[in-house]
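Trainee: Next comes the structure file input24.txt, holding compact mmCIF, C-alpha atoms and all ligand atoms.
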# COMPACT_ATOMS: atom_id res chain seq x y z
CA ALA A 1 -15.21 -32.88 8.74
CA ASP A 2 -18.03 -34.27 6.60
CA GLU A 3 -19.50 -30.83 6.21
CA LYS A 4 -16.16 -29.46 5.07
CA GLN A 5 -15.79 -32.28 2.56
CA HIS A 6 -19.30 -31.52 1.31
CA TYR A 7 -18.35 -27.90 0.64
CA ARG A 8 -15.01 -28.82 -0.92
CA ASP A 9 -16.76 -31.19 -3.35
CA LYS A 10 -19.40 -28.62 -4.10
CA ILE A 11 -16.79 -25.91 -4.79
CA LYS A 12 -14.87 -28.21 -7.13
CA ARG A 13 -18.01 -29.00 -9.07
CA LEU A 14 -19.08 -25.35 -9.28
CA LEU A 15 -15.60 -24.26 -10.41
CA ARG A 16 -15.82 -26.74 -13.30
CA GLU A 17 -19.40 -25.84 -14.21
CA ARG A 18 -18.71 -22.12 -14.16
CA ASN A 19 -15.34 -22.29 -15.92
CA ALA A 20 -13.95 -20.59 -12.83
CA VAL A 21 -10.62 -20.53 -11.03
CA MET A 22 -9.72 -19.58 -7.44
CA VAL A 23 -7.27 -16.77 -6.72
CA ALA A 24 -6.40 -16.77 -3.01
CA HIS A 25 -4.25 -14.58 -0.78
CA TYR A 26 -1.69 -16.01 1.68
CA TYR A 27 -3.74 -14.62 4.59
CA THR A 28 -6.80 -16.77 3.90
CA ASP A 29 -7.20 -19.89 6.03
CA PRO A 30 -4.99 -22.89 5.20
CA GLU A 31 -7.94 -24.98 3.96
CA ILE A 32 -8.80 -22.23 1.46
CA GLN A 33 -5.22 -21.98 0.22
CA ALA A 34 -5.02 -25.78 -0.12
CA LEU A 35 -8.23 -25.86 -2.13
CA ALA A 36 -7.04 -23.08 -4.44
CA GLU A 37 -3.88 -25.04 -5.16
CA GLU A 38 -5.64 -28.35 -5.58
CA THR A 39 -8.06 -26.90 -8.13
CA GLY A 40 -5.42 -25.24 -10.32
CA GLY A 41 -5.80 -21.75 -8.89
CA CYS A 42 -3.13 -19.71 -7.15
CA VAL A 43 -2.09 -18.68 -3.67
CA ALA A 44 -0.13 -15.45 -3.86
CA ASP A 45 0.62 -11.93 -2.71
CA SER A 46 -1.52 -9.11 -4.03
CA LEU A 47 0.70 -8.39 -7.05
CA GLU A 48 0.81 -12.03 -8.16
CA MET A 49 -2.94 -12.40 -7.59
CA ALA A 50 -3.50 -9.53 -10.03
CA ARG A 51 -1.15 -11.02 -12.59
CA PHE A 52 -2.49 -14.55 -12.30
CA GLY A 53 -6.12 -13.47 -12.54
CA SER A 54 -5.66 -11.31 -15.61
CA ALA A 55 -3.56 -13.91 -17.45
CA HIS A 56 -5.79 -16.92 -16.69
CA PRO A 57 -8.18 -18.03 -19.46
CA ALA A 58 -11.09 -18.85 -17.09
CA SER A 59 -14.19 -16.71 -17.63
CA THR A 60 -14.88 -16.40 -13.89
CA LEU A 61 -12.44 -15.65 -11.06
CA LEU A 62 -13.33 -16.51 -7.47
CA VAL A 63 -11.19 -14.10 -5.48
CA ALA A 64 -10.58 -15.27 -1.89
CA GLY A 65 -9.19 -12.20 -0.20
CA VAL A 66 -10.51 -8.71 0.46
CA ARG A 67 -12.58 -6.41 -1.72
CA PHE A 68 -9.78 -4.35 -3.23
CA MET A 69 -8.33 -7.59 -4.65
CA GLY A 70 -11.66 -8.36 -6.34
CA GLU A 71 -11.89 -4.81 -7.68
CA THR A 72 -8.37 -4.96 -9.05
CA ALA A 73 -9.25 -8.20 -10.83
CA LYS A 74 -12.35 -6.58 -12.35
CA ILE A 75 -10.43 -3.49 -13.50
CA LEU A 76 -7.80 -5.66 -15.18
CA SER A 77 -10.34 -8.10 -16.67
CA PRO A 78 -13.69 -6.36 -17.24
CA GLU A 79 -14.84 -9.21 -19.47
CA LYS A 80 -14.55 -11.73 -16.63
CA THR A 81 -17.08 -12.38 -13.91
CA ILE A 82 -15.41 -11.66 -10.57
CA LEU A 83 -16.99 -13.42 -7.59
CA MET A 84 -16.07 -13.09 -3.93
CA PRO A 85 -17.14 -15.22 -0.95
CA THR A 86 -18.45 -11.99 0.60
CA LEU A 87 -18.56 -8.36 -0.48
CA GLN A 88 -18.13 -7.34 3.18
CA ALA A 89 -14.42 -8.22 3.30
CA GLU A 90 -12.90 -4.80 3.74
CA CYS A 91 -9.39 -3.57 4.51
CA SER A 92 -8.64 -0.89 7.10
CA LEU A 93 -6.29 0.85 4.67
CA ASP A 94 -9.02 1.08 2.03
CA LEU A 95 -11.62 2.21 4.63
CA GLY A 96 -9.21 4.80 6.00
CA CYS A 97 -8.82 6.55 2.65
CA PRO A 98 -12.24 7.80 1.49
CA ILE A 99 -12.25 9.29 -1.99
CA ALA A 100 -13.62 12.77 -1.10
CA GLU A 101 -10.86 13.45 1.45
CA PHE A 102 -8.26 11.87 -0.79
CA ASN A 103 -9.28 14.06 -3.73
CA ALA A 104 -8.97 17.13 -1.52
CA PHE A 105 -5.49 16.01 -0.39
CA CYS A 106 -4.38 15.52 -4.00
CA ASP A 107 -5.89 18.88 -5.03
CA GLN A 108 -3.78 20.60 -2.37
CA HIS A 109 -0.59 19.11 -3.82
CA PRO A 110 -0.89 19.22 -7.62
CA ASP A 111 2.91 19.19 -8.02
CA ARG A 112 3.22 15.65 -6.60
CA THR A 113 3.05 12.33 -8.42
CA VAL A 114 0.25 10.31 -6.80
CA VAL A 115 1.27 6.77 -5.84
CA VAL A 116 -1.29 4.58 -4.09
CA TYR A 117 -1.00 1.17 -2.53
CA ALA A 118 -3.11 -1.59 -4.08
CA ASN A 119 -5.08 -1.68 -0.79
CA THR A 120 -7.42 1.11 -1.95
CA SER A 121 -10.80 1.52 -3.63
CA ALA A 122 -11.21 1.72 -7.41
CA ALA A 123 -12.03 5.43 -7.00
CA VAL A 124 -8.74 6.13 -5.22
CA LYS A 125 -6.83 4.17 -7.84
CA ALA A 126 -8.61 6.18 -10.53
CA ARG A 127 -7.13 9.36 -8.99
CA ALA A 128 -3.58 7.94 -8.96
CA ASP A 129 -0.66 8.12 -11.38
CA TRP A 130 0.69 4.80 -10.11
CA VAL A 131 -0.58 1.81 -8.16
CA VAL A 132 2.00 -0.19 -6.24
CA THR A 133 2.15 -3.24 -3.97
CA SER A 134 4.57 -3.81 -1.12
CA SER A 135 6.69 -6.13 -3.28
CA ILE A 136 7.75 -3.35 -5.68
CA ALA A 137 7.19 -0.17 -3.65
CA VAL A 138 10.86 0.56 -2.94
CA GLU A 139 11.95 -0.03 -6.56
CA LEU A 140 9.15 2.11 -8.00
CA ILE A 141 9.75 5.06 -5.66
CA GLU A 142 13.50 4.82 -6.35
CA HIS A 143 12.71 5.05 -10.05
CA LEU A 144 10.36 8.05 -9.63
CA ASP A 145 12.86 9.76 -7.32
CA SER A 146 15.61 9.34 -9.91
CA LEU A 147 13.36 11.23 -12.35
CA GLY A 148 13.17 14.07 -9.79
CA GLU A 149 9.49 13.50 -8.96
CA LYS A 150 7.99 14.46 -5.62
CA ILE A 151 5.57 11.84 -4.29
CA LEU A 152 2.16 11.92 -2.66
CA TRP A 153 1.79 8.50 -1.03
CA ALA A 154 -1.37 6.79 0.29
CA PRO A 155 -2.71 5.24 2.37
CA ASP A 156 -0.31 3.24 4.61
CA ARG A 157 1.88 5.50 6.73
CA HIS A 158 4.17 2.69 7.90
CA LEU A 159 4.88 1.41 4.41
CA GLY A 160 5.26 5.03 3.24
CA ARG A 161 7.81 5.79 5.96
CA TYR A 162 9.70 2.56 5.27
CA VAL A 163 9.90 3.33 1.55
CA GLN A 164 10.92 6.92 2.27
CA GLN A 165 13.76 5.75 4.52
CA GLN A 166 14.96 3.22 1.96
CA THR A 167 14.93 5.64 -0.96
CA GLY A 168 15.37 9.14 0.50
CA ALA A 169 12.57 10.31 -1.82
CA ASP A 170 10.48 13.41 -1.11
CA MET A 171 7.23 11.77 0.07
CA LEU A 172 4.13 13.27 1.61
CA CYS A 173 2.16 10.44 3.28
CA TRP A 174 -1.51 9.84 4.02
CA GLN A 175 -1.83 8.55 7.61
CA GLY A 176 -3.59 5.19 7.22
CA ALA A 177 -2.66 1.92 8.93
CA CYS A 178 -3.41 -1.78 8.82
CA ILE A 179 -5.21 -2.88 12.00
CA VAL A 180 -3.42 -6.24 11.91
CA HIS A 181 0.19 -5.10 11.52
CA ASP A 182 -0.33 -2.16 13.86
CA GLU A 183 -0.76 -4.64 16.75
CA PHE A 184 2.78 -6.03 16.79
CA LYS A 185 4.51 -5.02 20.00
CA THR A 186 8.14 -3.91 20.19
CA GLN A 187 9.11 -4.76 23.77
CA ALA A 188 7.56 -8.19 23.58
CA LEU A 189 9.37 -8.80 20.28
CA GLN A 190 12.70 -7.78 21.85
CA GLN A 191 12.05 -10.25 24.68
CA MET A 192 11.18 -12.95 22.19
CA LYS A 193 14.40 -12.32 20.25
CA ALA A 194 16.36 -12.71 23.50
CA LEU A 195 14.53 -15.97 24.16
CA TYR A 196 15.29 -17.29 20.66
CA PRO A 197 18.77 -15.95 19.84
CA GLN A 198 19.02 -18.10 16.71
CA ALA A 199 15.82 -16.77 15.19
CA ALA A 200 15.53 -14.37 12.28
CA VAL A 201 12.76 -11.75 12.37
CA LEU A 202 10.60 -11.43 9.23
CA VAL A 203 8.44 -8.32 8.98
CA HIS A 204 5.80 -7.04 6.56
CA PRO A 205 6.39 -3.31 5.95
CA GLU A 206 2.85 -2.41 7.06
CA SER A 207 4.23 -2.86 10.60
CA PRO A 208 5.29 0.08 12.80
CA GLN A 209 8.83 1.42 12.51
CA ALA A 210 10.08 -0.08 15.80
CA ILE A 211 9.11 -3.56 14.53
CA VAL A 212 10.73 -2.99 11.12
CA ASP A 213 13.89 -1.85 12.95
CA LEU A 214 14.17 -5.31 14.57
CA ALA A 215 13.80 -7.17 11.24
CA ASP A 216 16.31 -9.37 9.44
CA ALA A 217 14.09 -9.22 6.34
CA VAL A 218 11.31 -6.81 5.34
CA GLY A 219 9.02 -7.52 2.40
CA SER A 220 5.72 -8.50 0.86
CA THR A 221 4.17 -11.83 1.77
CA SER A 222 5.92 -13.60 -1.16
CA GLN A 223 9.23 -11.96 -0.30
CA LEU A 224 8.95 -13.08 3.34
CA ILE A 225 8.42 -16.68 2.24
CA GLN A 226 11.50 -16.33 0.03
CA ALA A 227 13.48 -14.87 2.95
CA ALA A 228 12.51 -17.81 5.16
CA LYS A 229 14.20 -20.03 2.54
CA THR A 230 17.36 -18.00 2.02
CA LEU A 231 18.17 -16.92 5.59
CA PRO A 232 20.27 -19.58 7.37
CA HIS A 233 18.47 -19.28 10.74
CA PRO A 234 16.71 -22.42 12.07
CA GLN A 235 13.84 -20.36 13.53
CA MET A 236 11.79 -17.50 12.15
CA ILE A 237 9.78 -14.98 14.15
CA VAL A 238 7.14 -13.76 11.72
CA ALA A 239 5.42 -10.36 12.01
CA THR A 240 2.53 -10.61 9.58
CA ASP A 241 -0.85 -12.34 9.36
CA ARG A 242 -0.58 -15.94 10.55
CA GLY A 243 -2.24 -17.16 7.36
CA ILE A 244 1.23 -16.99 5.81
CA PHE A 245 2.43 -19.91 7.97
CA TYR A 246 0.74 -22.45 5.72
CA LYS A 247 2.88 -21.78 2.63
CA MET A 248 5.92 -20.69 4.61
CA GLN A 249 6.03 -23.97 6.53
CA GLN A 250 5.76 -25.89 3.26
CA ALA A 251 8.71 -23.88 1.94
CA VAL A 252 10.86 -24.56 5.05
CA PRO A 253 9.57 -27.76 6.68
CA GLU A 254 12.74 -28.07 8.77
CA LYS A 255 12.44 -24.63 10.38
CA ASP A 256 10.43 -23.47 13.42
CA LEU A 257 8.01 -20.68 12.64
CA LEU A 258 6.95 -18.48 15.55
CA GLU A 259 4.30 -15.77 15.66
CA ALA A 260 5.59 -12.33 16.60
CA PRO A 261 3.88 -11.06 19.77
CA THR A 262 0.77 -8.88 19.51
CA ALA A 263 -1.14 -6.62 21.87
CA GLY A 264 -3.89 -8.96 22.95
CA GLU A 265 -4.42 -12.63 23.59
CA GLY A 266 -6.33 -14.65 21.00
CA ALA A 267 -10.04 -13.97 21.31
CA THR A 268 -9.56 -10.67 23.17
CA CYS A 269 -8.03 -9.06 20.11
CA ARG A 270 -10.10 -9.08 16.96
CA SER A 271 -7.24 -8.26 14.64
CA CYS A 272 -4.20 -9.82 16.33
CA ALA A 273 -2.09 -11.53 13.67
CA HIS A 274 -5.14 -12.47 11.65
CA CYS A 275 -7.10 -10.13 9.43
CA PRO A 276 -10.80 -10.35 10.38
CA TRP A 277 -11.79 -9.64 6.77
CA MET A 278 -9.53 -12.33 5.32
CA ALA A 279 -11.13 -14.70 7.84
CA MET A 280 -14.52 -14.20 6.15
CA ASN A 281 -13.35 -16.36 3.23
CA GLY A 282 -14.71 -19.68 4.49
CA LEU A 283 -15.62 -22.82 2.52
CA GLN A 284 -19.36 -22.24 2.85
CA ALA A 285 -19.05 -18.61 1.70
CA ILE A 286 -17.00 -19.66 -1.33
CA ALA A 287 -19.58 -22.28 -2.29
CA GLU A 288 -22.34 -19.69 -1.93
CA GLY A 289 -20.38 -17.17 -3.96
CA LEU A 290 -19.97 -19.60 -6.83
CA GLU A 291 -23.55 -20.80 -6.62
CA GLN A 292 -25.37 -17.51 -6.17
CA GLY A 293 -23.12 -14.92 -7.84
CA GLY A 294 -25.15 -11.79 -8.53
CA LYS A 295 -25.90 -9.01 -6.07
CA THR A 296 -24.37 -10.62 -3.01
CA HIS A 297 -21.14 -11.90 -4.51
CA GLU A 298 -20.26 -10.28 -7.84
CA ILE A 299 -17.84 -7.37 -8.06
CA HIS A 300 -18.85 -4.45 -10.27
CA VAL A 301 -16.77 -1.36 -10.92
CA ASP A 302 -18.25 1.73 -12.59
CA ALA A 303 -17.07 1.80 -16.23
CA ALA A 304 -15.55 5.30 -16.15
CA LEU A 305 -13.67 4.58 -12.92
CA ARG A 306 -12.51 1.26 -14.28
CA GLU A 307 -11.02 2.80 -17.41
CA ARG A 308 -9.25 5.48 -15.41
CA ALA A 309 -7.98 3.06 -12.74
CA LEU A 310 -6.65 0.71 -15.41
CA LEU A 311 -3.93 3.22 -16.38
CA PRO A 312 -2.01 3.24 -13.05
CA LEU A 313 -2.60 -0.51 -12.59
CA ASN A 314 -1.15 -1.27 -16.02
CA ARG A 315 1.80 0.99 -15.23
CA MET A 316 2.40 -1.10 -12.10
CA LEU A 317 2.25 -4.38 -14.03
CA SER A 318 4.61 -3.12 -16.76
CA PHE A 319 7.03 -1.79 -14.16
CA ALA A 320 6.97 -5.09 -12.28
CA ALA A 321 7.43 -7.19 -15.45
P1 LIG B 1 0.98 -8.33 0.00
O1 LIG B 1 1.05 -7.50 -1.24
O2 LIG B 1 2.30 -8.47 0.67
O3 LIG B 1 0.31 -9.63 -0.28
O4 LIG B 1 0.10 -7.53 1.08
C1 LIG B 1 -1.28 -7.38 0.97
C2 LIG B 1 -1.88 -7.12 2.28
O5 LIG B 1 -3.06 -6.86 2.42
C3 LIG B 1 -1.00 -7.13 3.45
O6 LIG B 1 -1.69 -6.87 4.60
FE1 LIG B 2 -5.92 -4.76 4.91
FE2 LIG B 2 -4.32 -5.31 6.92
FE3 LIG B 2 -6.24 -7.03 6.25
FE4 LIG B 2 -4.08 -6.67 4.67
S1 LIG B 2 -4.10 -7.53 6.71
S2 LIG B 2 -6.21 -6.80 4.03
S3 LIG B 2 -3.71 -4.49 4.94
S4 LIG B 2 -6.53 -4.95 7.03
Using C-alpha cells, write down the structure from this file.
Ligand code: 13P
Ligand code: SF4
Mentor:
Amino acid sequence: ADEKQHYRDKIKRLLRERNAVMVAHYYTDPEIQALAEETGGCVADSLEMARFGSAHPASTLLVAGVRFMGETAKILSPEKTILMPTLQAECSLDLGCPIAEFNAFCDQHPDRTVVVYANTSAAVKARADWVVTSSIAVELIEHLDSLGEKILWAPDRHLGRYVQQQTGADMLCWQGACIVHDEFKTQALQQMKALYPQAAVLVHPESPQAIVDLADAVGSTSQLIQAAKTLPHPQMIVATDRGIFYKMQQAVPEKDLLEAPTAGEGATCRSCAHCPWMAMNGLQAIAEGLEQGGKTHEIHVDAALRERALLPLNRMLSFAA
C-alpha cells in the first residue's frame, strides 16, 4: 500500500511539473481510473478520450490505454507530447490488420468507401476515408448507406457484422477480432441468464454474434454504462472487459454487476474479460512514463502519415459532434 501511495504521489507531482493530464480508458485498472479522475483527467471510451485529449490545454497527455489511443492523440494534437506507460500495449485488432495486406485489400476494391475502426495503426487510418468508434459506427454507416456508398470495413468482423445487420448496408469486412471479446461463451451465458432471470445482458459489439443475440443492450463502453442506468433490471450481466465495472458500479451502486462467462478460468486464460495490454498500465509504469518520456514512452507518428490520418479522424469528430 505504501508503495502504491509513493507512486500516486510521484505521478501527481510529475503531472504538475510537466503540465500534463491523464487520459484513461475504462478498461484500465480501477486505481488508474481513480487517479485520472482525481487529477483532473478523464476516464472514457475511445471516442471521448480522443475528444478530451485534443480539447485539453495541457502540453503533455499521459494516455493510459493501448497504443492506437496514443497515436490518435498524437495525430489530433501534433504539438503535444504524448506519453504512454508502455509502448508495448498493443491491440489484437490493430495487430491483425497490417498495412501491406490492408493496402492490397483496398486496392482490390477501389469502388468502396474505406471505414476503419479506431483500433488500428496510424498507417491504416491514413488509408481510410473515415475512422469510427463503436459508439457511432451504426449512425455513420447508416449515413454512408443513405448516400448509396458501398463500404469496405476493417478490422473487427464482429462489429462489422453487427453494424451490417443494423443498417443493411453493403459491407465487405476484414476478418479481425478482439481476443478479449472473442472469449465470451454462448451456452454458459444462456445458463447464467436462466440462473439470474431478472438480469439484463450488456454486450460490447466486438463480441461474437451469438453473444450479441442474447443482449438487452449493445454499445460502446460509455453506452453500456448509460444502459446500466436506464434499464430497470436490478442485475446486469456484462460482456466486456471487467475494467468497466469500476465506473459502472459508481453509476448504479444499487445494482449487482456480474461478469459474463468466458472460456477459461482466471489465470488459465490470458485474455478472459481483461485485456492483457490494458493491464500493462500500472502505477509504476505511469510514473516512469512521465519521468523518462523519450524513446521508451513517447508516441511519434510520421509527419506524412499524421497529416493523411488526420482527415478521416476529423471527419469522425465532426460527424460525432
Ligand atoms: P470503446 O470505443 O467502446 O471504448 O472500445 C474500445 C476498445 O478497445 C474496446 O475493446
Ligand atoms: Fe483491443 Fe480488445 Fe484490448 Fe480493446 S479489449 S484494446 S479491442 S484487444
Trainee: Could you state the separation of atom CA of A:Arg18 and atom CA of A:Leu76 in Å, given to one decimal place?
Mentor: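 Between atom CA of A:Arg18 and atom CA of A:Leu76 the gap works out to 19.8 Å.
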Trainee: Residues up to 6 Å from ligand LIG 2 (chain B), counting all atoms listed in the file: could you list those as a list in words?
Mentor: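 Listing the residues within 6 Å of ligand LIG 2 (chain B) gives Val66, Cys91, Ser92, Leu93, Cys178, Ile179, Val180 and Cys275 of chain A.
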Trainee: Which value, in Å to one decimal, gives the distance between atom CA of A:Pro110 and atom CA of A:Ser134?
Mentor: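 Interatomic distance, atom CA of A:Pro110 to atom CA of A:Ser134: 24.5 Å.
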Trainee: Give the answer as one residue: which of A:Val21, A:Val132, A:Ala169, A:Met236 has the shortest atom-to-atom distance to A:Glu254, using only C-alpha atoms?
Mentor: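 Ranked by minimum distance to A:Glu254, first place goes to A:Met236.
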Trainee: Any idea what the distance is between atom CA of A:Ala210 and atom O4 of ligand LIG 1 (chain B)?
Mentor: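 Rounded to one decimal, the two atoms are 19.3 Å apart.
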Trainee: Per residue of chain A within 10 Å of ligand LIG 1 (chain B), note the shortest atom pair and the distance in Å to one decimal, counting all atoms listed in the file, and order the rows by chain and increasing residue number, as a tab-separated table.
Mentor:
residue	atom	partner	partner_atom	distance
A:His25	CA	B:LIG1	O3	6.7
A:Tyr26	CA	B:LIG1	O3	7.0
A:Tyr27	CA	B:LIG1	O6	8.0
A:Val43	CA	B:LIG1	O3	10.0
A:Ala44	CA	B:LIG1	O3	6.8
A:Asp45	CA	B:LIG1	O3	3.4
A:Ser46	CA	B:LIG1	O1	4.1
A:Leu47	CA	B:LIG1	O1	5.9
A:Glu48	CA	B:LIG1	O3	8.3
A:Met49	CA	B:LIG1	O3	8.5
A:Gly65	CA	B:LIG1	O5	8.5
A:Val66	CA	B:LIG1	O5	7.9
A:Phe68	CA	B:LIG1	O5	9.1
A:Met69	CA	B:LIG1	O5	8.8
A:Cys91	CA	B:LIG1	O5	7.4
A:Ser92	CA	B:LIG1	O5	9.4
A:Leu93	CA	B:LIG1	O5	8.7
A:Asp94	CA	B:LIG1	O5	9.9
A:Tyr117	CA	B:LIG1	O1	9.0
A:Ala118	CA	B:LIG1	O1	7.8
A:Asn119	CA	B:LIG1	O5	6.4
A:Val132	CA	B:LIG1	O1	8.9
A:Thr133	CA	B:LIG1	O1	5.2
A:Ser134	CA	B:LIG1	O1	5.1
A:Ser135	CA	B:LIG1	O1	6.2
A:Ile136	CA	B:LIG1	O1	9.0
A:Ala137	CA	B:LIG1	O1	9.9
A:Ala177	CA	B:LIG1	O6	9.8
A:Cys178	CA	B:LIG1	O6	6.8
A:Ile179	CA	B:LIG1	O6	9.1
A:Val180	CA	B:LIG1	O6	7.5
A:His181	CA	B:LIG1	O6	7.4
A:His204	CA	B:LIG1	O2	7.0
A:Pro205	CA	B:LIG1	O2	8.4
A:Glu206	CA	B:LIG1	O6	6.8
A:Ser207	CA	B:LIG1	O6	9.3
A:Gly219	CA	B:LIG1	O2	7.0
A:Ser220	CA	B:LIG1	O2	3.4
A:Thr221	CA	B:LIG1	O2	4.0
A:Ser222	CA	B:LIG1	O2	6.5
A:Gln223	CA	B:LIG1	O2	7.8
A:Leu224	CA	B:LIG1	O2	8.5
A:Thr240	CA	B:LIG1	O6	7.5
A:Asp241	CA	B:LIG1	O6	7.3
A:Ile244	CA	B:LIG1	O3	9.6
A:His274	CA	B:LIG1	O6	9.6
A:Cys275	CA	B:LIG1	O6	8.0
A:Met278	CA	B:LIG1	O5	9.0
Trainee: Write out as an MDAnalysis selection string the residues lying within 9 Å of A:Ala320, counting only C-alpha atoms and excluding same-chain residues fewer than 2 positions away.
Mentor: chainID A and resid 47 136 140 315:318
Trainee: Go through A:Pro197, A:Pro85, A:Gly282, A:Gly176 and flag the residue nearest A:Thr296, using all atoms listed in the file for the distances.
Mentor: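 So, comparing all the options, the nearest one is A:Pro85.
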Trainee: Tell me which of A:Gly41, A:Gly96, A:Gly168, A:Pro276 sits closest to A:Asp29, counting only C-alpha atoms.
Mentor: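 For A:Asp29, the nearest of the given residues is A:Pro276.
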Trainee: Within 12 Å of (-16.9, -2.9, -10.5), all atoms listed in the file: residues as an MDAnalysis selection string?
Mentor: chainID A and resid 67:83 87 121:123 295 297:307 309:310
Trainee: Please, can stretch 237-254 of chain A be completed to N, CA and C atoms and returned as a PDB file, in the frame of the given file?
Mentor:
ATOM      1  N   ILE A 237      10.861 -15.688  13.463  1.00  0.00           N
ATOM      2  CA  ILE A 237       9.780 -14.980  14.150  1.00  0.00           C
ATOM      3  C   ILE A 237       9.102 -14.120  13.088  1.00  0.00           C
ATOM      4  N   VAL A 238       7.807 -14.334  12.894  1.00  0.00           N
ATOM      5  CA  VAL A 238       7.140 -13.760  11.720  1.00  0.00           C
ATOM      6  C   VAL A 238       6.115 -12.698  12.149  1.00  0.00           C
ATOM      7  N   ALA A 239       6.352 -11.460  11.693  1.00  0.00           N
ATOM      8  CA  ALA A 239       5.420 -10.360  12.010  1.00  0.00           C
ATOM      9  C   ALA A 239       4.591 -10.047  10.771  1.00  0.00           C
ATOM     10  N   THR A 240       3.580 -10.884  10.570  1.00  0.00           N
ATOM     11  CA  THR A 240       2.530 -10.610   9.580  1.00  0.00           C
ATOM     12  C   THR A 240       1.366 -11.534   9.909  1.00  0.00           C
ATOM     13  N   ASP A 241       0.334 -11.504   9.098  1.00  0.00           N
ATOM     14  CA  ASP A 241      -0.850 -12.340   9.360  1.00  0.00           C
ATOM     15  C   ASP A 241      -0.451 -13.825   9.401  1.00  0.00           C
ATOM     16  N   ARG A 242      -1.003 -14.542  10.373  1.00  0.00           N
ATOM     17  CA  ARG A 242      -0.580 -15.940  10.550  1.00  0.00           C
ATOM     18  C   ARG A 242      -1.010 -16.858   9.410  1.00  0.00           C
ATOM     19  N   GLY A 243      -1.877 -16.374   8.543  1.00  0.00           N
ATOM     20  CA  GLY A 243      -2.240 -17.160   7.360  1.00  0.00           C
ATOM     21  C   GLY A 243      -1.024 -17.550   6.538  1.00  0.00           C
ATOM     22  N   ILE A 244       0.026 -16.750   6.614  1.00  0.00           N
ATOM     23  CA  ILE A 244       1.230 -16.990   5.810  1.00  0.00           C
ATOM     24  C   ILE A 244       1.962 -18.268   6.248  1.00  0.00           C
ATOM     25  N   PHE A 245       1.689 -18.750   7.450  1.00  0.00           N
ATOM     26  CA  PHE A 245       2.430 -19.910   7.970  1.00  0.00           C
ATOM     27  C   PHE A 245       2.209 -21.156   7.121  1.00  0.00           C
ATOM     28  N   TYR A 246       1.041 -21.243   6.507  1.00  0.00           N
ATOM     29  CA  TYR A 246       0.740 -22.450   5.720  1.00  0.00           C
ATOM     30  C   TYR A 246       1.754 -22.643   4.600  1.00  0.00           C
ATOM     31  N   LYS A 247       1.942 -21.629   3.745  1.00  0.00           N
ATOM     32  CA  LYS A 247       2.880 -21.780   2.630  1.00  0.00           C
ATOM     33  C   LYS A 247       4.335 -21.659   3.097  1.00  0.00           C
ATOM     34  N   MET A 248       4.546 -20.858   4.132  1.00  0.00           N
ATOM     35  CA  MET A 248       5.920 -20.690   4.610  1.00  0.00           C
ATOM     36  C   MET A 248       6.444 -22.003   5.196  1.00  0.00           C
ATOM     37  N   GLN A 249       5.593 -22.698   5.943  1.00  0.00           N
ATOM     38  CA  GLN A 249       6.030 -23.970   6.530  1.00  0.00           C
ATOM     39  C   GLN A 249       6.293 -25.016   5.439  1.00  0.00           C
ATOM     40  N   GLN A 250       5.494 -24.984   4.390  1.00  0.00           N
ATOM     41  CA  GLN A 250       5.760 -25.890   3.260  1.00  0.00           C
ATOM     42  C   GLN A 250       7.109 -25.576   2.626  1.00  0.00           C
ATOM     43  N   ALA A 251       7.449 -24.287   2.574  1.00  0.00           N
ATOM     44  CA  ALA A 251       8.710 -23.880   1.940  1.00  0.00           C
ATOM     45  C   ALA A 251       9.914 -24.253   2.796  1.00  0.00           C
ATOM     46  N   VAL A 252       9.745 -24.234   4.138  1.00  0.00           N
ATOM     47  CA  VAL A 252      10.860 -24.560   5.050  1.00  0.00           C
ATOM     48  C   VAL A 252      10.389 -25.544   6.126  1.00  0.00           C
ATOM     49  N   PRO A 253      10.129 -26.800   5.712  1.00  0.00           N
ATOM     50  CA  PRO A 253       9.570 -27.760   6.680  1.00  0.00           C
ATOM     51  C   PRO A 253      10.487 -28.015   7.874  1.00  0.00           C
ATOM     52  N   GLU A 254      11.775 -27.776   7.699  1.00  0.00           N
ATOM     53  CA  GLU A 254      12.740 -28.070   8.770  1.00  0.00           C
ATOM     54  C   GLU A 254      12.861 -26.922   9.779  1.00  0.00           C
TER      55      GLU A 254
END
